[in-house]
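Student: Structure: entry.cif, mmCIF, C-alpha atoms.
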```cif
data_query
#
loop_
_atom_site.label_atom_id
_atom_site.label_comp_id
_atom_site.auth_asym_id
_atom_site.auth_seq_id
_atom_site.Cartn_x
_atom_site.Cartn_y
_atom_site.Cartn_z
CA MET A 24 143.65 92.58 51.36
CA THR A 25 141.69 90.86 54.14
CA THR A 26 143.22 90.49 57.54
CA ALA A 27 141.86 89.05 60.73
CA PRO A 28 140.19 91.56 63.07
CA PRO A 29 142.62 92.89 65.67
CA THR A 30 140.48 91.46 68.48
CA ALA A 31 140.35 87.95 67.00
CA SER A 32 142.34 85.44 69.03
CA ARG A 33 144.31 82.59 67.54
CA GLY A 34 141.57 80.20 68.60
CA GLN A 35 138.90 82.30 66.89
CA ARG A 36 140.94 82.39 63.69
CA ARG A 37 141.40 78.62 63.86
CA ARG A 38 137.67 78.05 64.29
CA ALA A 39 136.91 80.44 61.44
CA PHE A 40 139.39 78.60 59.22
CA GLY A 41 137.68 75.32 60.12
CA SER A 42 134.29 76.77 59.19
CA LEU A 43 135.69 78.09 55.91
CA SER A 44 137.21 74.68 55.10
CA ALA A 45 133.89 72.95 55.85
CA LEU A 46 132.04 75.45 53.65
CA LEU A 47 134.40 74.80 50.73
CA ALA A 48 134.11 71.03 51.21
CA ALA A 49 130.30 71.21 51.33
CA HIS A 50 130.27 73.32 48.18
CA ALA A 51 132.52 70.88 46.32
CA ILE A 52 130.44 67.87 47.36
CA SER A 53 127.16 69.54 46.43
CA GLN A 54 128.56 70.56 43.03
CA THR A 55 129.80 67.02 42.44
CA GLY A 56 126.21 65.88 42.84
CA ASN A 57 125.08 68.39 40.22
CA VAL A 58 127.63 67.04 37.75
CA ILE A 59 126.45 63.48 38.36
CA THR A 60 122.89 64.59 37.58
CA THR A 61 123.91 66.05 34.22
CA PHE A 62 125.36 62.66 33.27
CA ALA A 63 122.75 60.36 34.78
CA ILE A 64 119.53 61.98 33.52
CA PRO A 65 120.33 61.78 29.76
CA PHE A 66 121.35 58.13 30.06
CA TYR A 67 118.22 57.39 32.08
CA VAL A 68 116.07 58.91 29.32
CA LEU A 69 117.95 56.97 26.65
CA GLY A 70 117.60 53.79 28.69
CA LEU A 71 113.84 54.20 28.55
CA GLY A 72 114.00 54.40 24.77
CA GLY A 73 113.88 58.18 24.67
CA SER A 74 114.85 60.12 21.57
CA GLY A 75 117.45 62.82 21.15
CA VAL A 76 114.66 65.39 21.31
CA GLU A 77 113.58 64.06 24.72
CA VAL A 78 117.17 64.18 25.93
CA GLY A 79 117.33 67.80 24.80
CA ILE A 80 114.04 68.61 26.55
CA ALA A 81 115.33 67.06 29.77
CA ALA A 82 118.53 69.11 29.47
CA PHE A 83 116.45 72.25 28.93
CA PHE A 84 114.40 71.56 32.07
CA SER A 85 117.61 71.08 34.06
CA THR A 86 119.13 74.36 32.79
CA VAL A 87 116.21 76.77 33.03
CA PRO A 88 115.98 76.46 36.87
CA ILE A 89 119.48 77.91 37.12
CA VAL A 90 118.20 81.19 35.70
CA VAL A 91 114.82 81.13 37.43
CA GLY A 92 116.18 80.04 40.80
CA GLY A 93 118.97 82.59 40.65
CA ALA A 94 116.64 85.47 39.88
CA LEU A 95 113.87 84.60 42.34
CA GLY A 96 115.72 82.69 45.08
CA GLY A 97 118.13 85.39 46.20
CA VAL A 98 115.48 87.22 48.25
CA VAL A 99 114.71 83.99 50.09
CA VAL A 100 118.42 83.56 50.88
CA ASP A 101 118.54 87.06 52.39
CA ARG A 102 115.34 86.50 54.38
CA VAL A 103 115.96 83.07 55.91
CA GLY A 104 119.70 83.48 56.48
CA HIS A 105 122.63 82.31 54.40
CA ARG A 106 123.62 79.24 56.42
CA ARG A 107 120.04 78.03 56.79
CA ALA A 108 119.37 78.62 53.08
CA ALA A 109 122.40 76.54 52.09
CA ILE A 110 121.24 73.64 54.27
CA VAL A 111 117.61 73.78 53.11
CA ALA A 112 118.65 73.99 49.44
CA ASP A 113 120.78 70.85 49.77
CA VAL A 114 118.05 68.95 51.62
CA ILE A 115 115.31 69.79 49.10
CA SER A 116 117.56 69.20 46.08
CA GLY A 117 118.63 65.85 47.51
CA ALA A 118 115.02 64.84 48.18
CA THR A 119 113.90 65.62 44.63
CA VAL A 120 116.86 63.75 43.15
CA LEU A 121 116.16 60.77 45.43
CA ALA A 122 112.53 60.74 44.27
CA VAL A 123 113.62 59.93 40.69
CA PRO A 124 115.13 56.47 41.34
CA LEU A 125 112.62 55.65 44.09
CA LEU A 126 109.65 56.28 41.81
CA ALA A 127 111.35 54.60 38.86
CA LEU A 128 111.92 51.44 40.90
CA THR A 129 108.43 51.35 42.44
CA VAL A 130 105.36 52.86 40.78
CA GLY A 131 107.13 54.03 37.64
CA LEU A 132 108.16 57.47 36.42
CA PRO A 133 106.57 58.91 33.27
CA PHE A 134 108.58 61.39 31.24
CA TRP A 135 106.51 64.40 32.31
CA ALA A 136 107.06 63.54 35.98
CA LEU A 137 110.79 63.25 35.37
CA LEU A 138 110.78 66.76 33.89
CA VAL A 139 108.95 68.10 36.95
CA LEU A 140 111.46 66.52 39.32
CA VAL A 141 114.45 67.65 37.26
CA PHE A 142 113.12 71.20 37.25
CA ALA A 143 112.35 71.14 40.99
CA GLY A 144 115.74 69.61 41.78
CA GLY A 145 117.60 72.36 39.97
CA LEU A 146 115.46 75.23 41.22
CA LEU A 147 117.31 75.59 44.53
CA ASP A 148 120.80 74.80 43.25
CA THR A 149 121.65 78.41 42.44
CA PRO A 150 120.23 79.83 45.71
CA GLY A 151 122.25 77.22 47.61
CA GLN A 152 125.42 78.19 45.76
CA THR A 153 124.66 81.86 46.33
CA ALA A 154 124.15 81.28 50.06
CA ARG A 155 127.52 79.59 50.42
CA ARG A 156 129.24 82.32 48.41
CA VAL A 157 127.85 85.20 50.48
CA MET A 158 129.07 83.54 53.69
CA LEU A 159 132.67 83.91 52.51
CA PRO A 160 133.50 87.49 53.63
CA ARG A 161 132.78 86.98 57.34
CA LEU A 162 134.60 83.65 57.52
CA THR A 163 137.46 84.98 55.41
CA GLU A 164 137.88 88.06 57.54
CA ARG A 165 137.83 86.09 60.79
CA ALA A 166 140.33 83.55 59.44
CA GLY A 167 142.73 86.30 58.29
CA ILE A 168 142.76 85.18 54.64
CA PRO A 169 142.70 87.47 51.58
CA LEU A 170 139.21 87.56 50.10
CA GLU A 171 140.47 86.85 46.57
CA ARG A 172 142.09 83.65 47.85
CA SER A 173 138.91 82.33 49.47
CA VAL A 174 136.84 83.20 46.40
CA GLY A 175 139.46 81.44 44.27
CA LEU A 176 139.26 78.38 46.50
CA LEU A 177 135.48 78.33 46.16
CA ASP A 178 135.75 78.58 42.39
CA GLY A 179 138.49 75.95 42.45
CA SER A 180 136.24 73.62 44.43
CA GLU A 181 133.65 73.93 41.66
CA ARG A 182 136.22 73.07 39.00
CA LEU A 183 137.48 70.14 41.07
CA ALA A 184 133.89 68.96 41.46
CA ARG A 185 133.45 68.96 37.68
CA LEU A 186 136.57 66.84 37.20
CA ILE A 187 135.71 64.38 39.96
CA GLY A 188 131.99 64.39 39.24
CA ALA A 189 132.42 63.69 35.54
CA THR A 190 134.78 60.77 36.20
CA LEU A 191 132.62 59.36 39.01
CA ALA A 192 129.42 59.74 37.01
CA GLY A 193 130.90 58.03 33.98
CA LEU A 194 132.01 55.05 36.06
CA LEU A 195 128.72 54.80 37.94
CA VAL A 196 126.58 54.99 34.82
CA ALA A 197 128.78 52.51 32.95
CA LEU A 198 129.09 49.97 35.78
CA MET A 199 125.85 50.30 37.73
CA GLY A 200 123.47 52.34 35.61
CA PRO A 201 121.92 55.82 35.97
CA ILE A 202 119.61 54.78 38.83
CA ALA A 203 122.58 53.96 41.07
CA ALA A 204 124.25 57.22 40.06
CA LEU A 205 121.18 59.18 41.19
CA PHE A 206 121.24 57.46 44.58
CA VAL A 207 124.87 58.57 44.98
CA ASN A 208 123.89 62.05 43.87
CA ALA A 209 121.21 62.27 46.57
CA ALA A 210 123.81 61.19 49.12
CA THR A 211 126.15 64.02 48.12
CA PHE A 212 123.47 66.60 48.92
CA ALA A 213 122.88 64.98 52.31
CA VAL A 214 126.61 65.04 53.14
CA SER A 215 126.85 68.69 52.06
CA ALA A 216 123.92 69.66 54.31
CA LEU A 217 125.37 67.77 57.27
CA LEU A 218 128.79 69.39 56.82
CA THR A 219 127.25 72.86 56.76
CA ARG A 220 125.02 72.12 59.75
CA ALA A 221 127.77 70.59 61.88
CA PHE A 222 130.91 72.56 61.04
CA VAL A 223 130.03 75.92 59.45
CA ALA A 224 129.49 78.43 62.24
CA ALA A 225 126.58 80.83 61.95
CA ALA A 226 127.94 84.36 61.58
CA PRO A 227 126.62 86.87 64.13
CA VAL A 228 124.61 89.71 62.65
CA GLU A 229 126.31 93.07 63.02
CA PRO A 230 124.11 95.88 64.38
CA ALA A 231 124.50 98.01 61.26
CA ALA A 232 123.64 95.12 58.95
CA GLU A 233 120.62 94.28 61.11
CA ALA A 234 119.46 97.89 60.99
CA ASN A 235 119.81 97.93 57.21
CA ALA A 236 117.78 94.74 56.94
CA LEU A 237 115.03 96.09 59.17
CA ALA A 238 114.93 99.34 57.23
CA ALA A 239 114.64 97.56 53.89
CA PRO A 240 111.22 97.41 52.20
CA SER A 241 109.07 94.51 53.39
CA GLY A 242 107.53 92.06 50.97
CA TYR A 243 109.12 89.57 48.60
CA TRP A 244 108.58 91.50 45.37
CA ARG A 245 109.67 94.81 46.89
CA ASP A 246 112.87 93.17 48.13
CA LEU A 247 113.47 91.68 44.71
CA ALA A 248 112.88 95.07 43.10
CA ALA A 249 115.37 96.63 45.54
CA GLY A 250 118.01 94.11 44.43
CA LEU A 251 117.27 94.81 40.78
CA ARG A 252 117.54 98.58 41.36
CA PHE A 253 120.93 98.04 42.99
CA VAL A 254 122.24 96.16 39.96
CA VAL A 255 120.76 98.61 37.47
CA ARG A 256 122.00 101.71 39.26
CA ASP A 257 125.50 100.45 39.98
CA PRO A 258 127.62 101.16 36.87
CA LEU A 259 130.27 98.55 37.68
CA MET A 260 127.70 95.81 38.31
CA ARG A 261 126.05 96.61 34.98
CA LEU A 262 129.40 96.26 33.22
CA ILE A 263 130.19 92.97 34.96
CA VAL A 264 126.81 91.44 34.07
CA ALA A 265 127.13 92.54 30.43
CA LEU A 266 130.69 91.25 30.13
CA VAL A 267 129.95 87.83 31.65
CA LEU A 268 126.69 87.51 29.69
CA ILE A 269 128.52 87.98 26.37
CA THR A 270 131.46 85.73 27.26
CA ASN A 271 129.19 83.00 28.64
CA LEU A 272 127.22 83.08 25.40
CA MET A 273 130.41 82.57 23.37
CA ASP A 274 131.72 79.93 25.79
CA ALA A 275 128.45 78.02 25.44
CA ALA A 276 128.71 78.22 21.65
CA ARG A 277 132.21 76.79 21.81
CA SER A 278 131.72 74.06 24.42
CA SER A 279 128.20 72.90 23.57
CA SER A 280 128.26 73.04 19.77
CA LEU A 281 131.49 74.06 18.06
CA LEU A 282 134.00 71.91 19.97
CA PRO A 283 132.05 68.64 19.66
CA LEU A 284 131.51 69.29 15.95
CA TYR A 285 135.18 70.21 15.45
CA ALA A 286 136.37 67.12 17.32
CA ASN A 287 134.10 64.88 15.29
CA ASP A 288 135.03 66.46 11.95
CA ARG A 289 138.77 67.14 12.32
CA LEU A 290 140.20 65.43 15.41
CA GLY A 291 138.91 61.91 15.06
CA GLY A 292 136.13 61.85 17.60
CA ALA A 293 135.31 62.11 21.30
CA ALA A 294 138.73 61.05 22.62
CA ALA A 295 140.35 64.30 21.48
CA LEU A 296 137.43 66.31 22.85
CA GLY A 297 137.79 64.56 26.20
CA LEU A 298 141.49 65.42 26.24
CA LEU A 299 140.80 69.10 25.54
CA VAL A 300 138.06 69.30 28.18
CA ALA A 301 140.29 67.62 30.76
CA VAL A 302 143.21 69.95 29.97
CA MET A 303 140.96 73.00 30.25
CA GLY A 304 139.46 71.89 33.55
CA GLY A 305 142.73 70.78 35.12
CA CYS A 306 144.62 73.93 34.11
CA ALA A 307 141.76 76.15 35.30
CA LEU A 308 141.95 74.43 38.69
CA LEU A 309 145.73 74.96 38.82
CA GLY A 310 145.19 78.59 37.83
CA ASN A 311 142.69 79.03 40.65
CA ILE A 312 145.09 77.65 43.22
CA ALA A 313 148.13 79.56 41.97
CA PHE A 314 146.33 82.86 41.57
CA GLY A 315 144.89 82.61 45.07
CA PHE A 316 148.34 83.18 46.55
CA VAL A 317 149.10 86.34 44.56
CA ALA A 318 145.64 87.77 43.89
CA HIS A 319 145.79 90.30 46.73
CA ARG A 320 149.10 91.67 45.43
CA VAL A 321 148.16 92.52 41.83
CA GLY A 322 145.94 95.16 40.29
CA ARG A 323 142.49 93.81 39.57
CA ARG A 324 141.44 95.69 36.45
CA VAL A 325 144.46 94.99 34.25
CA THR A 326 144.78 91.42 35.53
CA LEU A 327 141.12 90.73 34.80
CA ALA A 328 141.34 92.12 31.26
CA VAL A 329 144.53 90.27 30.32
CA CYS A 330 143.55 86.93 31.86
CA PHE A 331 139.99 87.09 30.53
CA ALA A 332 141.28 87.73 27.00
CA LEU A 333 143.80 84.88 27.26
CA ALA A 334 141.07 82.56 28.56
CA GLY A 335 139.16 82.58 25.28
CA GLY A 336 140.99 84.39 22.51
CA PRO A 337 144.13 82.32 21.72
CA ALA A 338 142.38 78.93 21.90
CA SER A 339 139.56 80.07 19.62
CA ALA A 340 142.14 81.46 17.17
CA ALA A 341 144.00 78.15 17.18
CA PHE A 342 140.83 76.28 16.27
CA ALA A 343 140.04 78.86 13.59
CA LEU A 344 143.48 78.29 12.02
CA ASP A 345 143.01 74.50 12.13
CA ALA A 346 146.16 74.08 14.21
CA PRO A 347 147.48 70.58 14.98
CA LEU A 348 146.31 68.86 18.16
CA PRO A 349 149.45 69.64 20.25
CA VAL A 350 148.99 73.35 19.53
CA LEU A 351 145.29 73.13 20.41
CA VAL A 352 146.18 71.44 23.69
CA ALA A 353 148.77 74.14 24.49
CA ALA A 354 146.35 76.97 23.66
CA THR A 355 143.64 75.30 25.73
CA ALA A 356 146.03 74.92 28.67
CA LEU A 357 146.92 78.61 28.46
CA GLY A 358 143.23 79.49 28.42
CA GLY A 359 142.55 77.31 31.45
CA LEU A 360 145.40 78.77 33.50
CA ALA A 361 144.29 82.32 32.66
CA ALA A 362 140.63 81.53 33.40
CA GLY A 363 141.62 80.62 36.95
CA ALA A 364 142.10 84.31 37.74
CA VAL A 365 138.78 85.60 36.41
CA ASN A 366 136.19 84.41 38.92
CA PRO A 367 138.27 85.19 42.05
CA ILE A 368 138.58 88.82 40.94
CA LEU A 369 134.94 89.24 39.95
CA GLY A 370 133.72 87.42 43.04
CA ALA A 371 135.81 89.54 45.41
CA VAL A 372 134.64 92.77 43.76
CA GLN A 373 130.99 91.80 44.11
CA LEU A 374 131.35 90.69 47.73
CA GLU A 375 133.01 93.97 48.62
CA ARG A 376 130.57 96.13 46.70
CA VAL A 377 127.19 94.69 47.71
CA PRO A 378 125.83 95.36 51.22
CA GLU A 379 125.61 92.18 53.27
CA HIS A 380 121.83 92.23 53.72
CA MET A 381 121.33 92.41 49.92
CA ARG A 382 123.93 89.92 48.73
CA GLY A 383 121.56 87.02 48.24
CA ARG A 384 119.14 88.82 45.94
CA VAL A 385 121.82 90.81 44.09
CA PHE A 386 124.05 87.78 43.46
CA GLY A 387 121.04 85.76 42.37
CA LEU A 388 120.08 88.41 39.82
CA VAL A 389 123.67 88.76 38.62
CA ASN A 390 123.98 84.99 38.16
CA ALA A 391 120.67 84.86 36.32
CA GLY A 392 121.80 87.62 33.98
CA ALA A 393 125.16 85.96 33.40
CA TRP A 394 123.54 82.59 32.59
CA ALA A 395 120.78 84.02 30.41
CA GLY A 396 122.91 83.79 27.29
CA VAL A 397 123.98 80.16 27.73
CA PRO A 398 121.00 78.45 26.02
CA PHE A 399 121.16 80.93 23.12
CA GLY A 400 124.93 80.48 22.80
CA ALA A 401 124.60 76.75 22.25
CA LEU A 402 121.93 77.38 19.61
CA LEU A 403 123.92 80.10 17.83
CA GLY A 404 127.02 77.90 17.80
CA GLY A 405 125.17 75.18 15.94
CA VAL A 406 123.65 77.65 13.49
CA ALA A 407 127.04 79.27 12.84
CA ALA A 408 128.68 75.90 12.17
CA ASP A 409 126.06 75.05 9.57
CA THR A 410 126.03 78.45 7.86
CA ILE A 411 129.51 79.99 7.93
CA GLY A 412 131.58 76.95 8.90
CA LEU A 413 133.63 75.97 11.95
CA SER A 414 136.75 77.99 11.10
CA TRP A 415 134.86 81.23 10.57
CA ALA A 416 132.76 80.66 13.69
CA PHE A 417 135.86 80.15 15.85
CA GLY A 418 137.56 83.12 14.19
CA ILE A 419 134.68 85.48 14.93
CA ILE A 420 134.58 84.28 18.54
CA ALA A 421 138.34 84.82 18.88
CA VAL A 422 138.09 88.44 17.72
CA VAL A 423 134.91 89.36 19.60
CA TYR A 424 136.01 87.58 22.78
CA THR A 425 139.33 89.41 22.82
CA LEU A 426 137.85 92.84 22.13
CA VAL A 427 135.08 92.47 24.72
CA THR A 428 137.29 91.15 27.49
CA LEU A 429 139.86 93.94 27.01
CA THR A 430 137.24 96.67 27.64
CA PRO A 431 138.22 97.04 31.33
CA LEU A 432 141.45 98.61 30.08
CA LEU A 433 139.40 101.56 28.80
CA GLY A 434 138.88 102.72 32.38
CA GLY A 435 135.73 104.57 33.32
CA SER A 436 133.57 102.69 35.83
CA TRP A 437 135.90 99.70 35.56
CA ARG A 438 138.35 101.62 37.79
CA GLN A 439 135.91 101.13 40.69
CA MET A 440 136.86 97.47 40.92
CA GLU A 441 140.22 98.21 42.54
CA ARG A 442 140.55 97.57 46.26
CA HIS A 443 139.26 99.94 48.89
CA PRO A 444 141.90 101.73 50.96
CA SER A 445 140.71 99.96 54.10
CA PRO A 446 142.63 96.73 54.81
CA ARG A 447 139.47 94.99 55.97
CA VAL A 448 136.60 93.70 53.89
CA SER A 449 133.58 95.81 54.64
CA SER A 450 130.22 94.08 55.02
CA ARG A 451 128.57 97.49 54.88
CA ALA A 452 129.59 98.70 51.45
CA PRO A 453 128.00 102.05 50.56
CA ARG A 454 125.02 101.99 48.28
CA PRO A 455 125.88 103.35 44.83
CA SER A 456 123.82 106.28 43.72
CA ALA A 457 122.24 106.77 40.35
CA ARG A 458 124.69 109.61 39.74
CA GLU A 459 127.78 107.36 39.76
#
```
Could I get this file's structure written as structure tokens?

Tutor:
Amino acid sequence: MTTAPPTASRGQRRRAFGSLSALLAAHAISQTGNVITTFAIPFYVLGLGGSGVEVGIAAFFSTVPIVVGGALGGVVVDRVGHRRAAIVADVISGATVLAVPLLALTVGLPFWALLVLVFAGGLLDTPGQTARRVMLPRLTERAGIPLERSVGLLDGSERLARLIGATLAGLLVALMGPIAALFVNAATFAVSALLTRAFVAAAPVEPAAEANALAAPSGYWRDLAAGLRFVVRDPLMRLIVALVLITNLMDAARSSSLLPLYANDRLGGAAALGLLVAVMGGCALLGNIAFGFVAHRVGRRVTLAVCFALAGGPASAAFALDAPLPVLVAATALGGLAAGAVNPILGAVQLERVPEHMRGRVFGLVNAGAWAGVPFGALLGGVAADTIGLSWAFGIIAVVYTLVTLTPLLGGSWRQMERHPSPRVSSRAPRPSARE
């Protein structure tokens, strides 16, 4: 449980809470812009007479930077500073997004140039998100808030951004066209950067953290290798990456391929799919908020296993059994509520476990590993639907998802995720050894 430092005055806690609130707001606004991009770019391509293949290529070029930027951008975040990295990422992402409508309205924008801008615009999204996430422990500690609650609020702001961004993007594209939506998107990045610059206080560097940073190997690739060694040698981090990689792959198969096909084949079309997606997102947001108030009072390992299993297993089983729509909605709502507890637990564990001067590169590598299965999941979902059928595909996912997510109950290195005895979040977590 995180508490404010004994020497922190009420005014210091209030200022820290204001900085934390501004950070969460900036994160939500920036993520809203990302959602608008995912809607606007496909409709822009289609408006130019593009084919489905070209839409898919554009989607590929907007997804790959998440993995590349996460893996390679974390070192930059550690080197330039977390607050500065968040601001720079928003400014550059906003500039590349703004270039799309400006070029389209002036000299023209060929398809290859659009792909370049889409790739460049997404390249710094993950480092920017990482930078905001690694600023949480200091602000949380100074504000006297449990770390799980602040991580849950950050995750909740992302879910809220998806709900708002999808609605806003749909209205903008329908009423004003994708060009106008991209102008609004660029504005969201500018607002996020200004919020961070004006209201998020720069955290002072502690002497021990500064000494660790100075003692670290110099050079970009050596720093990146140091982050990779940390992930590889830490048994709990290896387990977390493997677990999220597998579940993300199955989630991508469900959301990108199986659910749209199921809705089209058995539920009457996109309206039912929209209902299920809205229920999942809304309940996940409610789960985030509710869990944030009790997260610091429950055991992490058992809670993670149970909630993770409920997040994917029952809903997939309901689809496999061809349940009626009300049952599917109820199972989806249960999955959303349970999913709200997963990221706050995993995020708090990682923030506590990784030394402050390495958080950017380690989190970037972890995110890249977790997202690596997403493109393959969407592909496998489509292949499974065509070969073994929707019911069997959902049934296999239900069984595998449940078994994989219950593995923390086996113990072993998973026991290391429980809280440290100290009541304060340490920014100087010990380095795990290869013997752990």

Student: Can you list what the PyMOL selection byres ((chain A and resi 344) around 12) grabs from this structure, as an NGL selection string?

Tutor: :A and (337-343 or 345-348 or 350-351 or 413-419 or 421)

Student: Could you list, with a cut-off of 8 Å and counting all atoms listed in the file, the residues of range 297-405 of chain A near range 266-284 of chain A, each shown with its nearest atom pair and the distance in Å rounded to one decimal, rows sorted by chain and ascending number, as JSON lines?

Tutor:
```
{"residue": "A:Gly335", "atom": "CA", "partner": "A:Asp274", "partner_atom": "CA", "distance": 7.9}
{"residue": "A:Gly392", "atom": "CA", "partner": "A:Leu268", "partner_atom": "CA", "distance": 6.5}
{"residue": "A:Ala393", "atom": "CA", "partner": "A:Leu268", "partner_atom": "CA", "distance": 4.3}
{"residue": "A:Trp394", "atom": "CA", "partner": "A:Leu268", "partner_atom": "CA", "distance": 6.5}
{"residue": "A:Ala395", "atom": "CA", "partner": "A:Leu268", "partner_atom": "CA", "distance": 6.9}
{"residue": "A:Gly396", "atom": "CA", "partner": "A:Leu272", "partner_atom": "CA", "distance": 4.8}
{"residue": "A:Val397", "atom": "CA", "partner": "A:Leu272", "partner_atom": "CA", "distance": 4.9}
{"residue": "A:Pro398", "atom": "CA", "partner": "A:Ala275", "partner_atom": "CA", "distance": 7.5}
{"residue": "A:Phe399", "atom": "CA", "partner": "A:Leu272", "partner_atom": "CA", "distance": 6.8}
{"residue": "A:Gly400", "atom": "CA", "partner": "A:Leu272", "partner_atom": "CA", "distance": 4.3}
{"residue": "A:Ala401", "atom": "CA", "partner": "A:Ala276", "partner_atom": "CA", "distance": 4.4}
{"residue": "A:Leu402", "atom": "CA", "partner": "A:Ala276", "partner_atom": "CA", "distance": 7.1}
{"residue": "A:Leu403", "atom": "CA", "partner": "A:Ala276", "partner_atom": "CA", "distance": 6.4}
{"residue": "A:Gly404", "atom": "CA", "partner": "A:Ala276", "partner_atom": "CA", "distance": 4.2}
{"residue": "A:Gly405", "atom": "CA", "partner": "A:Ser280", "partner_atom": "CA", "distance": 5.4}
```

Student: Return the single residue from A:Ile263, A:Ala295, A:Ile52, A:Ala213 that is closest to Leu186 in chain A, with distances computed using only C-alpha atoms.

Tutor: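 Of A:Ile263, A:Ala295, A:Ile52, A:Ala213, the one nearest Leu186 in chain A, counting only C-alpha atoms, is A:Ile52.
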
Student: Using all atoms listed in the file, which residue out of A:Val372, A:Val58, A:Ile115, A:Leu327 lies closest to Leu205 in chain A?

Tutor: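 Looking only at the distances to Leu205 in chain A, the closest residue turns out to be A:Val58.
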
Student: Please evaluate the PyMOL selection byres ((chain A and resi 204) around 12) against the structure above and give the resulting residues as a PyMOL selection string.

Tutor: chain A and resi 55-67+120-121+123-124+188-203+205-211

Student: Can you list, as a list in words, every protein, DNA or RNA residue that comes within 10 Å of Ala81 in chain A when you count all atoms listed in the file, leaving out same-chain residues fewer than 6 positions away?

Tutor: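 Skipping anything fewer than 6 positions along the chain leaves Thr61, Ile64, Pro65, Val68, Gly75, Phe134, Trp135, Leu137, Leu138, Val139, Val141 and Phe142 of chain A.
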
Student: Is there a way to get, as a ChimeraX atom specification, all residues within 12 Å of the point (142.4, 90.1, 30.5) in file coordinates, counting all atoms listed in the file?

Tutor: /A:266,322-337,358,361-366,368,424-433

Student: Around (140.0, 81.7, 46.7) in the file's own coordinates, what residues are found within 10 Å if you use all atoms listed in the file, given back as a PyMOL selection string?

Tutor: chain A and resi 47+159+163+168-180+311-316+318+363-364+366-368+370-371

Student: Suppose you want the space between CA of His105 in chain A and CA of Gly167 in chain A; what is it in Å?

Tutor: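 Atom-to-atom, CA of His105 in chain A to CA of Gly167 in chain A, that is 20.9 Å.
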
Student: Got a sec to resolve the PyMOL selection byres ((chain A and resi 90) around 9) on this structure and send the residues as a list in words?

Tutor: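 Going through the file, the PyMOL selection byres ((chain A and resi 90) around 9) ends up selecting Thr86, Val87, Pro88, Ile89, Val91, Gly92, Gly93, Ala94, Leu95, Leu146, Thr149, Gly387, Leu388, Asn390, Ala391, Gly392, Ala393, Trp394 and Ala395 of chain A.
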
Student: Would you mind reading off the distance between CA of Arg36 in chain A and CA of Arg165 in chain A, one decimal, in Å?

Tutor: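 These two atoms are separated by 5.6 Å.
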
Student: When you draw a straight line from CA of Leu374 in chain A to CA of Arg156 in chain A, how long is it in Å?

Tutor: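 The value is 8.7 Å.
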
Student: Please export range 39-54 of chain A as a CSV table (one decimal), in the first residue's frame, restricted to C-alpha atoms.

Tutor:
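As a result, out-v2.csv now contains:
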```
chain,number,residue,atom,x,y,z
A,39,ALA,CA,1.1,15.9,-6.2
A,40,PHE,CA,-2.6,15.0,-6.6
A,41,GLY,CA,-3.0,17.9,-9.1
A,42,SER,CA,0.0,16.6,-11.1
A,43,LEU,CA,-1.4,13.1,-11.0
A,44,SER,CA,-4.8,14.3,-12.2
A,45,ALA,CA,-3.2,16.2,-15.1
A,46,LEU,CA,-1.2,13.2,-16.1
A,47,LEU,CA,-4.3,11.0,-16.2
A,48,ALA,CA,-6.2,13.7,-18.2
A,49,ALA,CA,-3.3,14.0,-20.7
A,50,HIS,CA,-3.1,10.3,-21.1
A,51,ALA,CA,-6.8,10.0,-21.8
A,52,ILE,CA,-6.8,12.8,-24.3
A,53,SER,CA,-3.8,11.4,-26.1
A,54,GLN,CA,-5.4,8.0,-26.3
```
